[in-house]
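Asks: Dropping in structure02.cif, which is mmCIF, N, CA and C atoms and all ligand atoms:
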data_model
#
loop_
_atom_site.label_atom_id
_atom_site.label_comp_id
_atom_site.auth_asym_id
_atom_site.auth_seq_id
_atom_site.Cartn_x
_atom_site.Cartn_y
_atom_site.Cartn_z
N PRO A 1 64.64 136.50 -54.16
CA PRO A 1 65.81 135.81 -53.60
C PRO A 1 66.53 136.68 -52.58
N LYS A 2 67.08 136.01 -51.62
CA LYS A 2 67.76 136.74 -50.57
C LYS A 2 69.26 136.81 -50.87
N VAL A 3 69.84 137.98 -50.61
CA VAL A 3 71.29 138.14 -50.66
C VAL A 3 71.73 138.61 -49.29
N VAL A 4 72.77 137.97 -48.76
CA VAL A 4 73.26 138.35 -47.45
C VAL A 4 74.64 138.98 -47.60
N TYR A 5 74.76 140.21 -47.10
CA TYR A 5 76.03 140.92 -47.12
C TYR A 5 76.59 140.89 -45.71
N VAL A 6 77.85 140.50 -45.60
CA VAL A 6 78.46 140.43 -44.28
C VAL A 6 79.61 141.43 -44.19
N GLU A 7 79.47 142.35 -43.26
CA GLU A 7 80.52 143.36 -43.07
C GLU A 7 81.74 142.75 -42.40
N ASP A 8 82.83 143.44 -42.52
CA ASP A 8 84.08 142.97 -41.94
C ASP A 8 83.93 142.69 -40.44
N ALA A 9 83.17 143.52 -39.76
CA ALA A 9 82.99 143.35 -38.32
C ALA A 9 82.01 142.22 -38.00
N GLY A 10 81.44 141.61 -39.03
CA GLY A 10 80.58 140.47 -38.80
C GLY A 10 79.08 140.76 -38.89
N GLN A 11 78.75 142.03 -38.98
CA GLN A 11 77.34 142.38 -39.08
C GLN A 11 76.74 141.92 -40.41
N GLU A 12 75.61 141.23 -40.33
CA GLU A 12 74.97 140.69 -41.53
C GLU A 12 73.79 141.55 -41.98
N HIS A 13 73.69 141.71 -43.30
CA HIS A 13 72.56 142.43 -43.87
C HIS A 13 71.83 141.51 -44.84
N PRO A 14 70.80 140.81 -44.39
CA PRO A 14 70.03 139.98 -45.32
C PRO A 14 69.03 140.86 -46.07
N ILE A 15 69.05 140.79 -47.37
CA ILE A 15 68.21 141.68 -48.16
C ILE A 15 67.42 140.90 -49.20
N GLU A 16 66.14 141.22 -49.30
CA GLU A 16 65.30 140.62 -50.33
C GLU A 16 65.59 141.35 -51.64
N ALA A 17 66.21 140.65 -52.57
CA ALA A 17 66.66 141.29 -53.80
C ALA A 17 65.69 141.04 -54.94
N THR A 18 65.82 141.84 -55.98
CA THR A 18 64.97 141.70 -57.17
C THR A 18 65.73 140.95 -58.25
N VAL A 19 65.08 139.96 -58.84
CA VAL A 19 65.70 139.19 -59.92
C VAL A 19 66.08 140.14 -61.05
N GLY A 20 67.30 139.99 -61.54
CA GLY A 20 67.76 140.81 -62.66
C GLY A 20 68.56 142.03 -62.23
N GLU A 21 68.43 142.40 -60.96
CA GLU A 21 69.26 143.51 -60.48
C GLU A 21 70.61 142.96 -60.06
N SER A 22 71.61 143.84 -60.06
CA SER A 22 72.92 143.35 -59.68
C SER A 22 73.06 143.32 -58.17
N VAL A 23 74.01 142.54 -57.72
CA VAL A 23 74.30 142.45 -56.29
C VAL A 23 74.80 143.81 -55.78
N MET A 24 75.49 144.56 -56.65
CA MET A 24 75.92 145.91 -56.28
C MET A 24 74.72 146.85 -56.12
N ALA A 25 73.86 146.89 -57.14
CA ALA A 25 72.71 147.81 -57.10
C ALA A 25 71.81 147.51 -55.90
N THR A 26 71.64 146.26 -55.62
CA THR A 26 70.82 145.85 -54.47
C THR A 26 71.42 146.41 -53.18
N ALA A 27 72.72 146.33 -53.06
CA ALA A 27 73.40 146.81 -51.85
C ALA A 27 73.28 148.33 -51.72
N VAL A 28 73.52 149.02 -52.83
CA VAL A 28 73.49 150.48 -52.80
C VAL A 28 72.08 150.98 -52.46
N LYS A 29 71.09 150.37 -53.10
CA LYS A 29 69.71 150.75 -52.88
C LYS A 29 69.30 150.57 -51.41
N ASN A 30 69.87 149.57 -50.79
CA ASN A 30 69.49 149.26 -49.41
C ASN A 30 70.49 149.78 -48.38
N GLY A 31 71.43 150.58 -48.83
CA GLY A 31 72.35 151.22 -47.91
C GLY A 31 73.31 150.28 -47.19
N VAL A 32 73.70 149.20 -47.86
CA VAL A 32 74.69 148.31 -47.24
C VAL A 32 76.04 149.03 -47.21
N PRO A 33 76.63 149.17 -46.03
CA PRO A 33 77.90 149.88 -45.95
C PRO A 33 79.02 149.12 -46.67
N GLY A 34 79.90 149.85 -47.32
CA GLY A 34 81.10 149.23 -47.88
C GLY A 34 81.00 148.86 -49.35
N ILE A 35 79.81 148.96 -49.94
CA ILE A 35 79.69 148.73 -51.38
C ILE A 35 79.29 150.06 -52.00
N ILE A 36 80.19 150.58 -52.85
CA ILE A 36 80.01 151.95 -53.31
C ILE A 36 79.43 152.02 -54.72
N GLY A 37 80.04 151.31 -55.65
CA GLY A 37 79.49 151.29 -57.01
C GLY A 37 79.65 152.60 -57.73
N GLU A 38 80.81 153.18 -57.59
CA GLU A 38 81.10 154.50 -58.13
C GLU A 38 80.83 154.63 -59.64
N CYS A 39 81.16 153.61 -60.40
CA CYS A 39 81.02 153.72 -61.87
C CYS A 39 79.62 153.35 -62.33
N GLY A 40 78.75 153.03 -61.41
CA GLY A 40 77.38 152.74 -61.78
C GLY A 40 77.18 151.35 -62.38
N GLY A 41 78.14 150.48 -62.18
CA GLY A 41 77.96 149.10 -62.63
C GLY A 41 78.62 148.77 -63.95
N ASN A 42 79.60 149.58 -64.35
CA ASN A 42 80.24 149.37 -65.64
C ASN A 42 81.54 148.57 -65.58
N ALA A 43 81.78 147.92 -64.48
CA ALA A 43 83.02 147.16 -64.32
C ALA A 43 84.24 148.02 -64.60
N SER A 44 84.24 149.26 -64.06
CA SER A 44 85.41 150.09 -64.28
C SER A 44 85.94 150.78 -63.04
N CYS A 45 85.30 150.63 -61.90
CA CYS A 45 85.81 151.34 -60.71
C CYS A 45 86.39 150.41 -59.64
N GLY A 46 85.84 149.23 -59.52
CA GLY A 46 86.33 148.30 -58.50
C GLY A 46 85.82 148.56 -57.10
N THR A 47 84.92 149.52 -56.93
CA THR A 47 84.44 149.86 -55.58
C THR A 47 83.21 149.03 -55.16
N CYS A 48 82.96 147.99 -55.91
CA CYS A 48 81.85 147.10 -55.55
C CYS A 48 82.38 145.72 -55.25
N HIS A 49 83.68 145.65 -55.01
CA HIS A 49 84.33 144.35 -54.76
C HIS A 49 83.73 143.63 -53.55
N VAL A 50 83.48 142.35 -53.72
CA VAL A 50 83.04 141.49 -52.61
C VAL A 50 83.76 140.15 -52.71
N TRP A 51 83.74 139.41 -51.62
CA TRP A 51 84.22 138.04 -51.63
C TRP A 51 83.01 137.12 -51.54
N VAL A 52 82.78 136.38 -52.61
CA VAL A 52 81.68 135.43 -52.63
C VAL A 52 82.07 134.22 -51.77
N ARG A 53 81.18 133.81 -50.89
CA ARG A 53 81.46 132.64 -50.05
C ARG A 53 81.67 131.38 -50.90
N ALA A 54 82.58 130.55 -50.44
CA ALA A 54 83.01 129.38 -51.23
C ALA A 54 81.85 128.53 -51.75
N GLU A 55 80.82 128.37 -50.94
CA GLU A 55 79.72 127.48 -51.36
C GLU A 55 78.90 128.07 -52.52
N PHE A 56 79.16 129.33 -52.85
CA PHE A 56 78.39 129.95 -53.93
C PHE A 56 79.23 130.26 -55.17
N THR A 57 80.54 130.08 -55.10
CA THR A 57 81.37 130.51 -56.23
C THR A 57 81.00 129.78 -57.53
N LYS A 58 80.71 128.50 -57.44
CA LYS A 58 80.34 127.74 -58.65
C LYS A 58 79.07 128.29 -59.28
N LEU A 59 78.07 128.52 -58.43
CA LEU A 59 76.78 129.03 -58.89
C LEU A 59 76.92 130.40 -59.54
N VAL A 60 77.75 131.22 -58.94
CA VAL A 60 77.91 132.59 -59.43
C VAL A 60 78.68 132.62 -60.75
N GLY A 61 79.61 131.69 -60.90
CA GLY A 61 80.38 131.62 -62.14
C GLY A 61 81.65 132.44 -62.10
N GLU A 62 82.34 132.43 -63.24
CA GLU A 62 83.64 133.08 -63.33
C GLU A 62 83.50 134.52 -63.84
N PRO A 63 84.43 135.39 -63.44
CA PRO A 63 84.44 136.73 -64.01
C PRO A 63 84.81 136.69 -65.50
N ASN A 64 84.27 137.60 -66.29
CA ASN A 64 84.70 137.69 -67.70
C ASN A 64 86.03 138.44 -67.76
N ASP A 65 86.57 138.59 -68.97
CA ASP A 65 87.92 139.16 -69.12
C ASP A 65 88.05 140.57 -68.57
N LEU A 66 87.03 141.38 -68.85
CA LEU A 66 87.05 142.76 -68.38
C LEU A 66 87.09 142.82 -66.86
N GLU A 67 86.21 142.04 -66.25
CA GLU A 67 86.17 142.01 -64.79
C GLU A 67 87.47 141.44 -64.23
N GLU A 68 87.96 140.42 -64.89
CA GLU A 68 89.22 139.79 -64.47
C GLU A 68 90.35 140.83 -64.41
N ASP A 69 90.45 141.66 -65.45
CA ASP A 69 91.48 142.69 -65.49
C ASP A 69 91.35 143.65 -64.31
N LEU A 70 90.14 144.06 -64.05
CA LEU A 70 89.91 145.03 -62.99
C LEU A 70 90.21 144.42 -61.62
N LEU A 71 89.85 143.16 -61.46
CA LEU A 71 90.14 142.49 -60.19
C LEU A 71 91.65 142.44 -59.98
N GLU A 72 92.38 142.21 -61.07
CA GLU A 72 93.84 142.17 -60.99
C GLU A 72 94.39 143.52 -60.56
N MET A 73 93.84 144.59 -61.16
CA MET A 73 94.45 145.91 -60.99
C MET A 73 93.90 146.71 -59.82
N ALA A 74 92.60 146.59 -59.60
CA ALA A 74 91.96 147.64 -58.81
C ALA A 74 91.52 147.25 -57.41
N VAL A 75 91.46 145.98 -57.10
CA VAL A 75 90.92 145.69 -55.78
C VAL A 75 92.02 145.39 -54.76
N THR A 76 91.74 145.74 -53.54
CA THR A 76 92.65 145.44 -52.47
C THR A 76 92.34 144.02 -52.00
N ASP A 77 93.37 143.23 -51.80
CA ASP A 77 93.18 141.91 -51.22
C ASP A 77 92.28 141.00 -52.07
N ARG A 78 92.73 140.74 -53.27
CA ARG A 78 92.00 139.80 -54.11
C ARG A 78 92.14 138.38 -53.55
N ARG A 79 91.03 137.69 -53.51
CA ARG A 79 91.02 136.31 -53.03
C ARG A 79 90.28 135.42 -54.02
N GLU A 80 90.25 134.15 -53.67
CA GLU A 80 89.58 133.14 -54.50
C GLU A 80 88.17 133.59 -54.92
N GLY A 81 87.39 134.07 -53.97
CA GLY A 81 85.99 134.39 -54.27
C GLY A 81 85.76 135.84 -54.69
N SER A 82 86.83 136.56 -55.00
CA SER A 82 86.68 137.98 -55.36
C SER A 82 85.84 138.16 -56.61
N ARG A 83 84.85 139.03 -56.53
CA ARG A 83 84.04 139.39 -57.70
C ARG A 83 83.66 140.86 -57.59
N LEU A 84 83.36 141.44 -58.75
CA LEU A 84 82.74 142.76 -58.75
C LEU A 84 81.25 142.52 -58.64
N SER A 85 80.66 143.05 -57.59
CA SER A 85 79.25 142.70 -57.35
C SER A 85 78.31 143.29 -58.40
N CYS A 86 78.80 144.29 -59.17
CA CYS A 86 77.94 144.82 -60.24
C CYS A 86 77.84 143.84 -61.40
N GLN A 87 78.70 142.86 -61.43
CA GLN A 87 78.70 141.89 -62.53
C GLN A 87 77.99 140.59 -62.14
N ILE A 88 77.38 140.59 -60.97
CA ILE A 88 76.60 139.42 -60.56
C ILE A 88 75.13 139.82 -60.57
N SER A 89 74.38 139.12 -61.39
CA SER A 89 72.96 139.42 -61.50
C SER A 89 72.18 138.48 -60.58
N VAL A 90 71.26 139.07 -59.82
CA VAL A 90 70.46 138.26 -58.89
C VAL A 90 69.52 137.35 -59.68
N SER A 91 69.51 136.08 -59.32
CA SER A 91 68.59 135.13 -59.96
C SER A 91 68.00 134.23 -58.88
N PRO A 92 66.91 133.55 -59.20
CA PRO A 92 66.29 132.68 -58.20
C PRO A 92 67.26 131.61 -57.69
N GLU A 93 68.14 131.13 -58.58
CA GLU A 93 69.09 130.07 -58.19
C GLU A 93 70.06 130.57 -57.13
N LEU A 94 70.27 131.87 -57.10
CA LEU A 94 71.26 132.42 -56.17
C LEU A 94 70.66 132.76 -54.80
N ASP A 95 69.45 132.31 -54.57
CA ASP A 95 68.80 132.61 -53.28
C ASP A 95 69.71 132.20 -52.13
N GLY A 96 69.93 133.12 -51.22
CA GLY A 96 70.77 132.82 -50.05
C GLY A 96 72.23 133.21 -50.26
N LEU A 97 72.52 133.72 -51.46
CA LEU A 97 73.89 134.13 -51.78
C LEU A 97 74.49 134.98 -50.66
N THR A 98 75.66 134.59 -50.21
CA THR A 98 76.30 135.31 -49.12
C THR A 98 77.65 135.83 -49.59
N VAL A 99 77.86 137.13 -49.42
CA VAL A 99 79.12 137.75 -49.82
C VAL A 99 79.71 138.53 -48.65
N ASP A 100 81.01 138.48 -48.55
CA ASP A 100 81.70 139.28 -47.54
C ASP A 100 82.13 140.60 -48.15
N VAL A 101 81.91 141.68 -47.42
CA VAL A 101 82.25 143.02 -47.89
C VAL A 101 83.61 143.40 -47.32
N PRO A 102 84.55 143.82 -48.18
CA PRO A 102 85.87 144.20 -47.71
C PRO A 102 85.80 145.38 -46.74
N PRO A 103 86.76 145.46 -45.81
CA PRO A 103 86.77 146.57 -44.86
C PRO A 103 86.92 147.91 -45.54
N GLN A 104 87.57 147.93 -46.71
CA GLN A 104 87.61 149.18 -47.47
C GLN A 104 87.70 148.90 -48.95
N GLN A 105 87.18 149.83 -49.73
CA GLN A 105 87.24 149.72 -51.19
C GLN A 105 88.39 150.61 -51.66
N PRO A 106 88.94 150.35 -52.84
CA PRO A 106 90.09 151.14 -53.29
C PRO A 106 89.75 152.64 -53.41
FE1 LIG A 201 82.13 149.97 -60.56
FE2 LIG A 201 81.23 147.51 -60.10
S1 LIG A 201 80.28 149.37 -59.71
S2 LIG A 201 83.10 148.10 -60.94
#
What does the file become when written as structure tokens?
Ligand code: FES

Replies:
Amino acid sequence: PKVVYVEDAGQEHPIEATVGESVMATAVKNGVPGIIGECGGNASCGTCHVWVRAEFTKLVGEPNDLEEDLLEMAVTDRREGSRLSCQISVSPELDGLTVDVPPQQP
């Protein structure tokens, strides 16, 4: 499945992702700028924040309580589609998933 990361300046990074890997790990492995993943995917750093495009928010689902707390506390500019990308697992249904990468992480 393909995941597309869009930088603040508009540059797109379409990446062929592996099912079962997180959207964060996929980005880090492929050197997508702006996704850091400092805590290694434990939903505790907030440096993997992305904005999921509106057409995908339903498919991706809601954040759990832990993620919800971190989104409240740790991310800059929380919006409707805000998610921690380490908590989104790549699946075939998510093919084409497009996320916007914030200009900076906390
Ligand atoms: Fe730290 Fe996602 S990698 S919260």

Asks: Grab me every residue within 6.5 Å of ligand LIG 201 (chain A), counting all atoms listed in the file, and send it over as a count of residues only.

Replies: 18

Asks: What is the atom N of His13 in chain A to atom C of Leu97 in chain A distance in Å?

Replies: 10.0 Å

Asks: Please determine, counting only N, CA and C atoms, which residue among A:Ile88, A:Val101, A:Val6, A:Leu94 has the shortest atom-to-atom distance to Val23 in chain A.

Replies: A:Ile88

Asks: Closest to Asp100 in chain A among A:Ala27, A:Leu71, A:Val52, A:Leu59, using only C-alpha atoms?

Replies: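 Of the candidates, the smallest distance to Asp100 in chain A is held by A:Val52.
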
Asks: Just checking: using only C-alpha atoms, which residue out of A:Ala74, A:Val60, A:Ile15, A:Val32 ends up closest to Glu93 in chain A?

Replies: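 Of the candidates, the smallest distance to Glu93 in chain A is held by A:Val60.
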
Asks: Restricting the calculation to all atoms listed in the file: of A:Pro14, A:Asp77, A:Val4, A:Leu70, which residue gets closest to Gly96 in chain A?

Replies: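 Of A:Pro14, A:Asp77, A:Val4, A:Leu70, the one nearest Gly96 in chain A, counting all atoms listed in the file, is A:Val4.
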
Asks: So how many Å separate atom N of Val3 in chain A and atom C of Asp95 in chain A, to one decimal?

Replies: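 Atom-to-atom, atom N of Val3 in chain A and atom C of Asp95 in chain A are spaced 6.0 Å apart.
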
Asks: Which residues in chain A does DSSP call strand (DSSP E or B)? List them as a list in words.

Replies: Lys2, Val3, Val4, Tyr5, Val6, Glu12, His13, Pro14, Ile15, Glu16, Ser22, His49, Val50, Trp51, Val52, Ser82, Arg83, Leu84, Ser89, Leu97, Thr98, Val99 and Asp100 of chain A

Asks: Determine which residues of chain A DSSP labels as alpha helix (DSSP H) from the backbone of this structure, then write them out as a ChimeraX atom specification.

Replies: /A:23-29,54-60,65-74

Asks: Do you have the atom C of Pro1 in chain A-atom C of Val19 in chain A distance handy?

Replies: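 Separation between atom C of Pro1 in chain A and atom C of Val19 in chain A: 9.2 Å.
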
Asks: Would you please work out which residue, of A:Val99, A:Glu55, A:Ala9, A:Val50, is nearest to Val75 in chain A when using only C-alpha atoms?

Replies: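 For Val75 in chain A, the nearest of the given residues is A:Val50.
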
Asks: A:Lys58, A:Thr76, A:Glu68, A:Pro33: which is nearest Glu12 in chain A, counting only C-alpha atoms?

Replies: A:Pro33
